[in-house]
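**Student:** Handing you this structure, nothing more for now.
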Amino acid sequence: MHKLGDYTKEQLIMGLEDKADEFGVTVHQMMFNEKEDILHCICSASDIESVEKHHMKFNTKCDKIFPIDEIKTDKITKDEKLKVIGELSSRFAHDIRNPLTVIQSSVDILKSKYPDISKKENVKFDMIKSAIDRIEHQIDDVLGFVASRKLNFNLNNITEILDSSLTGMAIPKKISVNKSQNNVPLYCDFESIRVLFVNIILNAIQAMNNFGKIDIKITRDADNVLISFENSGPSIPEKIIPKIFDPLFTTKQTGTGLGLVSCKQIVDAHGGKIEVTNNPTTFTVILPQKHIS
C-alpha cells in the first residue's frame with residue numbers, strides 16, 4: 001500500500017499490464033481509497049526489491065509490503081471470493097434491508113402527514129428515496145449474483161421487458177433515454193432479462209455522472225436478437241474491458257463489482273453473450289431466438 005502519488009486513479013488503471021514490466025512485476029489488481037489518498041496493489045514479483053523498483057518509476061514508495069508465498073490461480077481466487085459472498089449475503093440482506101424499510105416507511109408517513117410541504121423540502125425527501133434506491137440496488141447486485149433460481153422461459157416481447165425496466169427506475173432529469181419500438185419476440189425469462197436491462201442502464205447512468213443520453217436499439221438477424229445500449233459517457237479503458245465481468249472488479253468507490261457479473265450470468269443462462277465496445281461506449285446483448293431448455 002502507498003500514496004497515490006502524482007498520478008490519478010484513471011492514469012494508474014490505464015497503466016495496468018497483462019504482462020510483467022522490466023522489473024518482472026505484474027500488477028493484478030488495484031484498490032483505491034481516495035479519501036486517504038492510498039492505493040493498495042496486488043502484484044506478483046520475484047522479490048520485494050523488484051516491487052520497490054517498480055514503484056520508483058511512478059515516483060512513489062510503498063508504505064507497507066505484505067509478502068504472500070502461495071501463488072493462487074485466478075480460478076482459486078475467484079472461488080474464494082464467491083464463497084465469501086455466499087456466506088455474507090443472507091446476513092447482509094437482513095441487516096441492511098430492515099433499517100432501509102423503516103427509513104422508507106418513515107419518509108412515506110411524513111410526506112402523507114404534511115402534503116403541503118415546500119418544494120425545497122420535497123426535494124430532500126426525493127434525495128432520501130434516491131439514496132435508498134442506490135443501496136437497494138447494491139443489495140440486489142449481491143443477492144442476484146449469489147442466488148440461483150430456475151428460469152421460466154416464455155415467449156416475451158423485448159420492448160415490453162425494456163419498458164418494464166425503465167418504469168421501475170429513477171432516471172435523472174438530465175439523462176435522456178431513446179429506445180427502439182421494434183416488436184421483437186423472444187423466448188426468455190422475463191424477470192431475469194428485466195434485471196439485466198436495469199443493471200446495464202444503471203451502469204451507464206453512473207458512468208455518465210447523471211448527465212447525457214442512452215440510445216437503446218433492438219435488432220435481429222437469422223438466429224439472434226441484439227439489444228445494444230449506447231451511452232455518451234467516457235470510454236472504458238481498453239485494458240480493463242476484459243476484467244469488467246470479473247467478480248468484485250470495480251472502478252467505482254460505491255460499487256459492489258457484481259452488477260456486470262450478474263449481467264453476464266443472466267446472458268450465459270440464456271445461451272447468449274454480451275459484448276462491450278468503445279467510441280461510443282456500447283454494451284450489446286446477443287440472445288438466441290431458440291428456446292433454451
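Ligands are numbered from 1 in the order shown, residues from 1 within each chain, and chains are lettered A, B, ... in the order they appear in the C-alpha cells.
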List the spatial neighbours of Ser232 of chain A as an NGL selection string - criterion: any atom at most 12 Å away, only C-alpha atoms, same-chain residues fewer than 4 positions off excluded.
**Tutor:** :A and (175-177 or 204-216 or 236 or 278-282)
**Student:** Only N, CA and C atoms, please: the residues just picked out, written as a PDB file, in the first residue's frame.
**Tutor:**
ATOM      1  N   ILE A 175     -30.694  13.080 -18.028  1.00  0.00           N
ATOM      2  CA  ILE A 175     -30.361  11.951 -18.904  1.00  0.00           C
ATOM      3  C   ILE A 175     -31.571  11.631 -19.771  1.00  0.00           C
ATOM      4  N   SER A 176     -31.363  11.580 -21.068  1.00  0.00           N
ATOM      5  CA  SER A 176     -32.430  11.208 -21.998  1.00  0.00           C
ATOM      6  C   SER A 176     -32.219   9.775 -22.454  1.00  0.00           C
ATOM      7  N   VAL A 177     -33.315   9.032 -22.526  1.00  0.00           N
ATOM      8  CA  VAL A 177     -33.268   7.637 -22.961  1.00  0.00           C
ATOM      9  C   VAL A 177     -34.096   7.496 -24.234  1.00  0.00           C
ATOM     10  N   ALA A 204     -24.682   2.635 -17.068  1.00  0.00           N
ATOM     11  CA  ALA A 204     -24.490   3.758 -17.994  1.00  0.00           C
ATOM     12  C   ALA A 204     -24.738   5.090 -17.294  1.00  0.00           C
ATOM     13  N   ILE A 205     -25.777   5.152 -16.476  1.00  0.00           N
ATOM     14  CA  ILE A 205     -26.103   6.383 -15.743  1.00  0.00           C
ATOM     15  C   ILE A 205     -24.944   6.780 -14.840  1.00  0.00           C
ATOM     16  N   GLN A 206     -24.385   5.807 -14.131  1.00  0.00           N
ATOM     17  CA  GLN A 206     -23.264   6.082 -13.237  1.00  0.00           C
ATOM     18  C   GLN A 206     -22.033   6.524 -14.021  1.00  0.00           C
ATOM     19  N   ALA A 207     -21.810   5.893 -15.169  1.00  0.00           N
ATOM     20  CA  ALA A 207     -20.641   6.236 -15.990  1.00  0.00           C
ATOM     21  C   ALA A 207     -20.742   7.662 -16.526  1.00  0.00           C
ATOM     22  N   MET A 208     -21.977   8.121 -16.794  1.00  0.00           N
ATOM     23  CA  MET A 208     -22.184   9.468 -17.338  1.00  0.00           C
ATOM     24  C   MET A 208     -22.319  10.521 -16.251  1.00  0.00           C
ATOM     25  N   ASN A 209     -22.249  10.074 -14.984  1.00  0.00           N
ATOM     26  CA  ASN A 209     -22.381  11.009 -13.862  1.00  0.00           C
ATOM     27  C   ASN A 209     -23.694  11.784 -13.932  1.00  0.00           C
ATOM     28  N   ASN A 210     -24.772  11.049 -14.264  1.00  0.00           N
ATOM     29  CA  ASN A 210     -26.144  11.588 -14.266  1.00  0.00           C
ATOM     30  C   ASN A 210     -26.396  12.667 -15.317  1.00  0.00           C
ATOM     31  N   PHE A 211     -25.585  12.685 -16.374  1.00  0.00           N
ATOM     32  CA  PHE A 211     -25.804  13.670 -17.442  1.00  0.00           C
ATOM     33  C   PHE A 211     -25.396  13.069 -18.783  1.00  0.00           C
ATOM     34  N   GLY A 212     -26.335  13.076 -19.749  1.00  0.00           N
ATOM     35  CA  GLY A 212     -26.019  12.552 -21.064  1.00  0.00           C
ATOM     36  C   GLY A 212     -27.211  11.859 -21.690  1.00  0.00           C
ATOM     37  N   LYS A 213     -26.941  10.905 -22.571  1.00  0.00           N
ATOM     38  CA  LYS A 213     -28.031  10.198 -23.236  1.00  0.00           C
ATOM     39  C   LYS A 213     -27.706   8.724 -23.409  1.00  0.00           C
ATOM     40  N   ILE A 214     -28.757   7.927 -23.455  1.00  0.00           N
ATOM     41  CA  ILE A 214     -28.649   6.488 -23.671  1.00  0.00           C
ATOM     42  C   ILE A 214     -29.522   6.129 -24.866  1.00  0.00           C
ATOM     43  N   ASP A 215     -28.939   5.501 -25.857  1.00  0.00           N
ATOM     44  CA  ASP A 215     -29.685   5.041 -27.032  1.00  0.00           C
ATOM     45  C   ASP A 215     -29.767   3.519 -26.996  1.00  0.00           C
ATOM     46  N   ILE A 216     -30.989   3.002 -26.982  1.00  0.00           N
ATOM     47  CA  ILE A 216     -31.208   1.554 -26.920  1.00  0.00           C
ATOM     48  C   ILE A 216     -31.792   1.100 -28.253  1.00  0.00           C
ATOM     49  N   ILE A 236     -14.413   3.230 -21.867  1.00  0.00           N
ATOM     50  CA  ILE A 236     -13.826   2.336 -20.876  1.00  0.00           C
ATOM     51  C   ILE A 236     -12.391   2.044 -21.304  1.00  0.00           C
ATOM     52  N   ASN A 278     -16.088   0.513 -27.529  1.00  0.00           N
ATOM     53  CA  ASN A 278     -15.937   1.946 -27.261  1.00  0.00           C
ATOM     54  C   ASN A 278     -16.236   2.787 -28.489  1.00  0.00           C
ATOM     55  N   ASN A 279     -16.279   4.092 -28.244  1.00  0.00           N
ATOM     56  CA  ASN A 279     -16.433   5.105 -29.306  1.00  0.00           C
ATOM     57  C   ASN A 279     -17.685   4.933 -30.163  1.00  0.00           C
ATOM     58  N   PRO A 280     -18.870   5.092 -29.609  1.00  0.00           N
ATOM     59  CA  PRO A 280     -19.188   5.380 -28.207  1.00  0.00           C
ATOM     60  C   PRO A 280     -19.253   4.091 -27.386  1.00  0.00           C
ATOM     61  N   THR A 281     -19.302   4.251 -26.056  1.00  0.00           N
ATOM     62  CA  THR A 281     -19.383   3.082 -25.176  1.00  0.00           C
ATOM     63  C   THR A 281     -20.707   2.371 -25.402  1.00  0.00           C
ATOM     64  N   THR A 282     -20.628   1.090 -25.756  1.00  0.00           N
ATOM     65  CA  THR A 282     -21.835   0.331 -26.097  1.00  0.00           C
ATOM     66  C   THR A 282     -21.766  -1.076 -25.517  1.00  0.00           C
TER      67      THR A 282
END
**Student:** Select, from A:Asp163, A:Asp108, A:Glu136, A:Asp37, the residue with the minimum atom-to-atom distance to Ile96 of chain A, counting only C-alpha atoms.
**Tutor:**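 So, comparing all the options, the nearest one is A:Glu136.
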**Student:** Using only C-alpha atoms, which of A:Val285, A:Ile171, A:Val123, A:Ile218 sits nearest Ile193 of chain A?
**Tutor:** A:Val285
**Student:** Determine the nearest neighbour of Ser262 of chain A from the options A:Lys113, A:Lys61, A:Arg194, A:Lys239, counting only C-alpha atoms.
**Tutor:**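 Closest to Ser262 of chain A of all the choices is A:Arg194.
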**Student:** Report as a list in words all protein, DNA and RNA residues lying within 8 Å of segment 222-229 of chain A, evaluated on only C-alpha atoms, omitting residues in the same chain fewer than 5 positions from it.
**Tutor:**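 Skipping anything fewer than 5 positions along the chain leaves Val184, Leu186, Ile200, Ile201, Ile214, Asp215, Ile216, Lys217, Thr282, Phe283, Thr284, Val285, Ile286, Leu287, Pro288, Gln289 and Lys290 of chain A.
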**Student:** Would you export the selected residues with C-alpha atoms as a tab-separated table (two decimals), in the first residue's frame, please?
**Tutor:**
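Once written, part-v5.tsv looks like this:
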chain	number	residue	atom	x	y	z
A	184	VAL	CA	-39.32	-8.35	-31.37
A	186	LEU	CA	-38.02	-13.77	-27.75
A	200	ILE	CA	-26.81	-2.11	-17.84
A	201	ILE	CA	-28.82	1.13	-17.78
A	214	ILE	CA	-28.65	6.49	-23.67
A	215	ASP	CA	-29.69	5.04	-27.03
A	216	ILE	CA	-31.21	1.55	-26.92
A	217	LYS	CA	-31.55	-0.32	-30.20
A	282	THR	CA	-21.83	0.33	-26.10
A	283	PHE	CA	-22.98	-2.81	-24.31
A	284	THR	CA	-24.54	-5.28	-26.76
A	285	VAL	CA	-26.60	-8.25	-25.55
A	286	ILE	CA	-26.93	-11.07	-28.09
A	287	LEU	CA	-29.64	-13.64	-27.29
A	288	PRO	CA	-30.53	-16.68	-29.39
A	289	GLN	CA	-34.13	-16.81	-30.61
A	290	LYS	CA	-34.35	-20.54	-29.98
**Student:** So which bits of segment 105-284 of chain A end up helix (DSSP H, G or I) when you DSSP the backbone, as a ChimeraX atom specification?
**Tutor:** /A:105-113,119-146,158-167,190-207,238-243,259-269
**Student:** Between atom CA of Ile274 of chain A and atom CA of Met169 of chain A, what is the spacing in Å?
**Tutor:** 22.0 Å
**Student:** Find the spatial neighbours of segment 102-106 of chain A, counting only C-alpha atoms, within a cut-off of 8 Å - ignore same-chain residues fewer than 3 positions away - and output them as a PDB file with N, CA and C atoms, in the first residue's frame.
**Tutor:**
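Saved to result.pdb:
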ATOM      1  N   ASN A  98     -33.754  -4.299   6.632  1.00  0.00           N
ATOM      2  CA  ASN A  98     -34.689  -3.954   7.708  1.00  0.00           C
ATOM      3  C   ASN A  98     -34.663  -2.463   8.052  1.00  0.00           C
ATOM      4  N   PRO A  99     -33.484  -1.872   8.334  1.00  0.00           N
ATOM      5  CA  PRO A  99     -33.492  -0.432   8.611  1.00  0.00           C
ATOM      6  C   PRO A  99     -33.886   0.411   7.403  1.00  0.00           C
ATOM      7  N   ILE A 109     -44.661   8.239   5.563  1.00  0.00           N
ATOM      8  CA  ILE A 109     -45.599   8.759   6.577  1.00  0.00           C
ATOM      9  C   ILE A 109     -45.484  10.277   6.677  1.00  0.00           C
ATOM     10  N   LEU A 110     -44.239  10.778   6.698  1.00  0.00           N
ATOM     11  CA  LEU A 110     -44.034  12.223   6.793  1.00  0.00           C
ATOM     12  C   LEU A 110     -44.603  12.952   5.581  1.00  0.00           C
ATOM     13  N   LYS A 129     -35.085   9.106  -0.893  1.00  0.00           N
ATOM     14  CA  LYS A 129     -35.596   7.984  -1.685  1.00  0.00           C
ATOM     15  C   LYS A 129     -34.538   7.507  -2.679  1.00  0.00           C
ATOM     16  N   ILE A 132     -31.883   5.493  -0.863  1.00  0.00           N
ATOM     17  CA  ILE A 132     -32.396   4.164  -0.528  1.00  0.00           C
ATOM     18  C   ILE A 132     -32.369   3.266  -1.759  1.00  0.00           C
TER      19      ILE A 132
END
**Student:** Counting only C-alpha atoms, figure out which residue out of A:Ser112, A:Thr101, A:Ser165, A:Ser235 gets nearest to Ile135 of chain A.
**Tutor:**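 The answer is A:Thr101, which sits nearest to Ile135 of chain A.
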